[in-house]
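Accompanying notes for the structure given below.
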Amino acid sequence: LDIPPHIPDFPIERLKEELSQANIVTCISEPVKEQLRDIGISAPVIWNPIKDVFFDSSMERKINCLYVGRCSDPNKRFDLLQNIEKYVVGPTGGSTSGNYLGLVSDVSLNQLYNSAKIVALPSKFEGLGLPALEAMAAGAVPLVCKDNPNSSLCPNFCVAEPTVESVTSTYNSLVNHFSHYQSVIVDEWTPWVQQKFSKFSIAENIVKLFQNYNS
């Protein structure tokens with residue numbers, strides 16, 4: 001279950017009534033878990049799996065900054081990257097700054113992650129995808145904002161305040177010392193992401209949940 005926190009008229013009471021009839025309710029993040037707890041629904045977090053991305057050490061990191069997402073969505077806060085030259089993957093529209101690559105296949109996305117040094121994701125909310133984790137799985141360094149709930153899944157040196165100045169400063173630090181930060185990502189974070197957020201691990205978590213319920 002995903003509850004969009006940025007939609008003020010979301011029918012939360014009707015949702016409570018419907019969920020109370022379920023044997024098991026799961027959710028995709030800690031913020032959604034807290035929202036459900038507020039209406040009396042207990043729901044364990046089962047994250048969505050990342051895409052089938054992997055770290056390819058043979059690829060050259062030719063892209064300093066890659067952005068993945070919808071530029072026109074105000075919650076993505078694309079404007080926080082206004083001082084950064086970047087390549088953009090996703091639907092076109094909104095701001096015209098950036099080198100647009102459009103929508104790409106999962107195979108191409110994996111290649112782009114492995115070609116990028118920094119994957120900048122200044123959004124306030126994430127939807128069903130987990131591009132910051134996918135970036136780390138491919139050996140890139142993510143840049144996220146402190147008020148994004150998923151920032152807790154990234155190392156502290158990747159986290160900026162949600163301002164143009166802080167995002168720009170954090171980006172400059174990451175790209176100028178990329179070799180050091182990438183070594184930390186590859187050694188400490190890439191294996192963890194690939195194991196914890198693979199589709200196989202997520203499926204195993206779901207199976208265990210049903211087994212515990214039926215035992």
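Ligands are numbered from 1 in the order shown, residues from 1 within each chain, and chains are lettered A, B, ... in the order they appear in the structure tokens.
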
With a cut-off of 6 Å, could you pull out the residues of range 94-154 of chain A touching range 51-63 of chain A and give me the nearest pair of atoms for each, distance in Å to one decimal, using only C-alpha atoms, ordered by chain and ascending number, as JSON lines?
```
{"residue": "A:Asn110", "atom": "CA", "partner": "A:Val53", "partner_atom": "CA", "distance": 5.2}
{"residue": "A:Ser115", "atom": "CA", "partner": "A:Arg61", "partner_atom": "CA", "distance": 4.3}
{"residue": "A:Ala116", "atom": "CA", "partner": "A:Ile63", "partner_atom": "CA", "distance": 4.5}
{"residue": "A:Lys117", "atom": "CA", "partner": "A:Arg61", "partner_atom": "CA", "distance": 5.8}
{"residue": "A:Ala137", "atom": "CA", "partner": "A:Phe54", "partner_atom": "CA", "distance": 5.7}
{"residue": "A:Ala138", "atom": "CA", "partner": "A:Phe55", "partner_atom": "CA", "distance": 3.9}
{"residue": "A:Gly139", "atom": "CA", "partner": "A:Phe55", "partner_atom": "CA", "distance": 5.4}
```

Put those residues in a file: C-alpha atoms, as a PDB file, in the first residue's frame.
```pdb
ATOM      1  CA  ASN A 110      21.378   0.160 -16.011  1.00  0.00           C
ATOM      2  CA  SER A 115      27.976   5.673 -16.702  1.00  0.00           C
ATOM      3  CA  ALA A 116      27.065   8.229 -14.017  1.00  0.00           C
ATOM      4  CA  LYS A 117      29.113   9.503 -11.126  1.00  0.00           C
ATOM      5  CA  ALA A 137      23.431  -0.984  -6.718  1.00  0.00           C
ATOM      6  CA  ALA A 138      25.180   0.164  -9.907  1.00  0.00           C
ATOM      7  CA  GLY A 139      28.066   1.834  -8.079  1.00  0.00           C
TER       8      GLY A 139
END
```

(message) Residues within 10 Å of range 212-214 of chain A, please, as a PyMOL selection string. Count only C-alpha atoms; anything in the same chain fewer than 2 positions from it doesn't count.
(response) chain A and resi 23-24+207-210

(request) Using DSSP on the backbone coordinates, identify all residues within range 2-100 of chain A classified as strand (DSSP E or B); present the result as a PyMOL selection string. (result) chain A and resi 27+45+63-68+87-89+99-100

Give me a file of those residues, with C-alpha atoms, as an mmCIF file, in the first residue's frame.
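And here's result29.cif as it stands now:
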```
data_model
loop_
_atom_site.group_PDB
_atom_site.id
_atom_site.type_symbol
_atom_site.label_atom_id
_atom_site.label_comp_id
_atom_site.auth_asym_id
_atom_site.auth_seq_id
_atom_site.Cartn_x
_atom_site.Cartn_y
_atom_site.Cartn_z
ATOM 1 C CA CYS A 27 3.067 -0.898 3.008
ATOM 2 C CA VAL A 45 7.028 -2.448 5.646
ATOM 3 C CA ILE A 63 28.212 11.443 -16.940
ATOM 4 C CA ASN A 64 28.858 13.688 -13.959
ATOM 5 C CA CYS A 65 25.191 14.030 -13.020
ATOM 6 C CA LEU A 66 22.144 11.949 -13.919
ATOM 7 C CA TYR A 67 18.550 12.738 -12.928
ATOM 8 C CA VAL A 68 15.847 10.059 -13.091
ATOM 9 C CA TYR A 87 21.388 14.308 -18.103
ATOM 10 C CA VAL A 88 17.698 13.609 -17.564
ATOM 11 C CA VAL A 89 15.886 10.284 -17.873
ATOM 12 C CA ASN A 99 20.112 17.011 -21.652
ATOM 13 C CA TYR A 100 16.935 14.984 -22.098
#
```

(message) Could you pull out the alpha helix (DSSP H) residues of range 42-215 of chain A, going by DSSP on the backbone, and write them as an NGL selection string?
(response) :A and (106-115 or 131-137 or 164-176 or 178-184 or 190-196 or 199-214)

(message) Counting only C-alpha atoms, which residue out of A:Leu81, A:Ile28, A:Ala43, A:Leu36 sits closest to Lys16 in chain A?
(response) A:Leu36

(request) Figure out the distance between CA of Lys76 in chain A and CA of Ser166 in chain A, please, to one decimal in Å. (result)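 The value is 16.1 Å.
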
(request) Quick one: everything within 12 Å of Ala203 in chain A, counting only C-alpha atoms, minus sequence neighbours fewer than 5 positions away in the same chain. Send it as a list of chain:residue names. (result)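 Neighbouring residues, sequence-local ones excluded: A:Ile46, A:Trp47, A:Asn48, A:Pro49, A:Lys196, A:Phe197, A:Ser198, A:Lys208, A:Leu209, A:Phe210.
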
(message) What's the separation between CA of Ser183 in chain A and CA of Leu112 in chain A, in Å to one decimal place?
(response)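 Separation of CA of Ser183 in chain A and CA of Leu112 in chain A: 18.6 Å.
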
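Considering only C-alpha atoms, the residue among A:Met136, A:Asp147, A:Gly90, A:Ile185 positioned nearest to Leu103 in chain A is A:Gly90.
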
Skip Leu19 in chain A itself and residues of its chain fewer than 4 positions away, then list as a compact mmCIF listing (two decimals) with N, CA and C atoms, in the first residue's frame all residues within 8 Å of it, counting only C-alpha atoms.
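Generated file (out.txt):
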```txt
# COMPACT_ATOMS: atom_id res chain seq x y z
N LEU A 15 -10.46 4.39 3.49
CA LEU A 15 -9.38 3.42 3.42
C LEU A 15 -9.31 2.60 4.71
N VAL A 25 -2.07 -6.45 5.94
CA VAL A 25 -1.82 -5.20 5.22
C VAL A 25 -0.33 -4.94 5.25
N ILE A 41 -4.17 1.02 11.98
CA ILE A 41 -3.87 -0.13 11.14
C ILE A 41 -2.39 -0.49 11.30
```

(request) Using only C-alpha atoms, pick whichever of A:Glu134, A:Glu85, A:Thr190, A:Leu153 has the shortest atom-to-atom distance to Tyr113 in chain A. (result) A:Glu134

(request) Tell me which of A:Ser215, A:Asn83, A:Ser169, A:Asn114 sits closest to Gln182 in chain A, counting only C-alpha atoms. (result) A:Asn114

(request) Fewer than 4 positions away in the same chain doesn't count, so skip those; otherwise give me all residues within 10 Å of Val184 in chain A, counting only C-alpha atoms, as a ChimeraX atom specification. (result) /A:139,141,155,178-180,188-190

For the residues selected in the previous step, produce a file with N, CA and C atoms as a PDB file, in the first residue's frame.
```
ATOM      1  N   GLY A 139      26.795   1.210  -8.396  1.00  0.00           N
ATOM      2  CA  GLY A 139      28.066   1.834  -8.079  1.00  0.00           C
ATOM      3  C   GLY A 139      28.130   3.329  -8.257  1.00  0.00           C
ATOM      4  N   VAL A 141      26.943   7.283  -6.978  1.00  0.00           N
ATOM      5  CA  VAL A 141      26.724   7.954  -5.698  1.00  0.00           C
ATOM      6  C   VAL A 141      25.432   8.757  -5.783  1.00  0.00           C
ATOM      7  N   PRO A 155      23.879   6.850   2.726  1.00  0.00           N
ATOM      8  CA  PRO A 155      24.900   7.367   3.640  1.00  0.00           C
ATOM      9  C   PRO A 155      24.770   8.871   3.833  1.00  0.00           C
ATOM     10  N   PHE A 178      34.842  12.035  -6.040  1.00  0.00           N
ATOM     11  CA  PHE A 178      34.030  10.892  -6.442  1.00  0.00           C
ATOM     12  C   PHE A 178      34.702   9.554  -6.154  1.00  0.00           C
ATOM     13  N   SER A 179      35.981   9.431  -6.432  1.00  0.00           N
ATOM     14  CA  SER A 179      36.659   8.148  -6.246  1.00  0.00           C
ATOM     15  C   SER A 179      36.547   7.656  -4.809  1.00  0.00           C
ATOM     16  N   HIS A 180      36.714   8.576  -3.872  1.00  0.00           N
ATOM     17  CA  HIS A 180      36.605   8.204  -2.461  1.00  0.00           C
ATOM     18  C   HIS A 180      35.183   7.777  -2.120  1.00  0.00           C
ATOM     19  N   GLU A 188      30.554  -0.818   0.850  1.00  0.00           N
ATOM     20  CA  GLU A 188      29.669  -0.939   2.005  1.00  0.00           C
ATOM     21  C   GLU A 188      28.182  -0.942   1.667  1.00  0.00           C
ATOM     22  N   TRP A 189      27.799  -0.314   0.554  1.00  0.00           N
ATOM     23  CA  TRP A 189      26.371  -0.125   0.283  1.00  0.00           C
ATOM     24  C   TRP A 189      25.851  -0.953  -0.887  1.00  0.00           C
ATOM     25  N   THR A 190      26.636  -1.096  -1.943  1.00  0.00           N
ATOM     26  CA  THR A 190      26.168  -1.844  -3.109  1.00  0.00           C
ATOM     27  C   THR A 190      25.738  -3.277  -2.756  1.00  0.00           C
TER      28      THR A 190
END
```

(message) So, with only C-alpha atoms as the atoms that count, which of A:Leu109, A:Val186, A:Val32, A:Ile84 lies closest to Thr168 in chain A?
(response) A:Ile84

(request) Have a look at CA of Tyr171 in chain A and CA of Val193 in chain A and let me know their distance in Å, one decimal. (result)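 According to the coordinates, CA of Tyr171 in chain A and CA of Val193 in chain A are separated by 21.8 Å.
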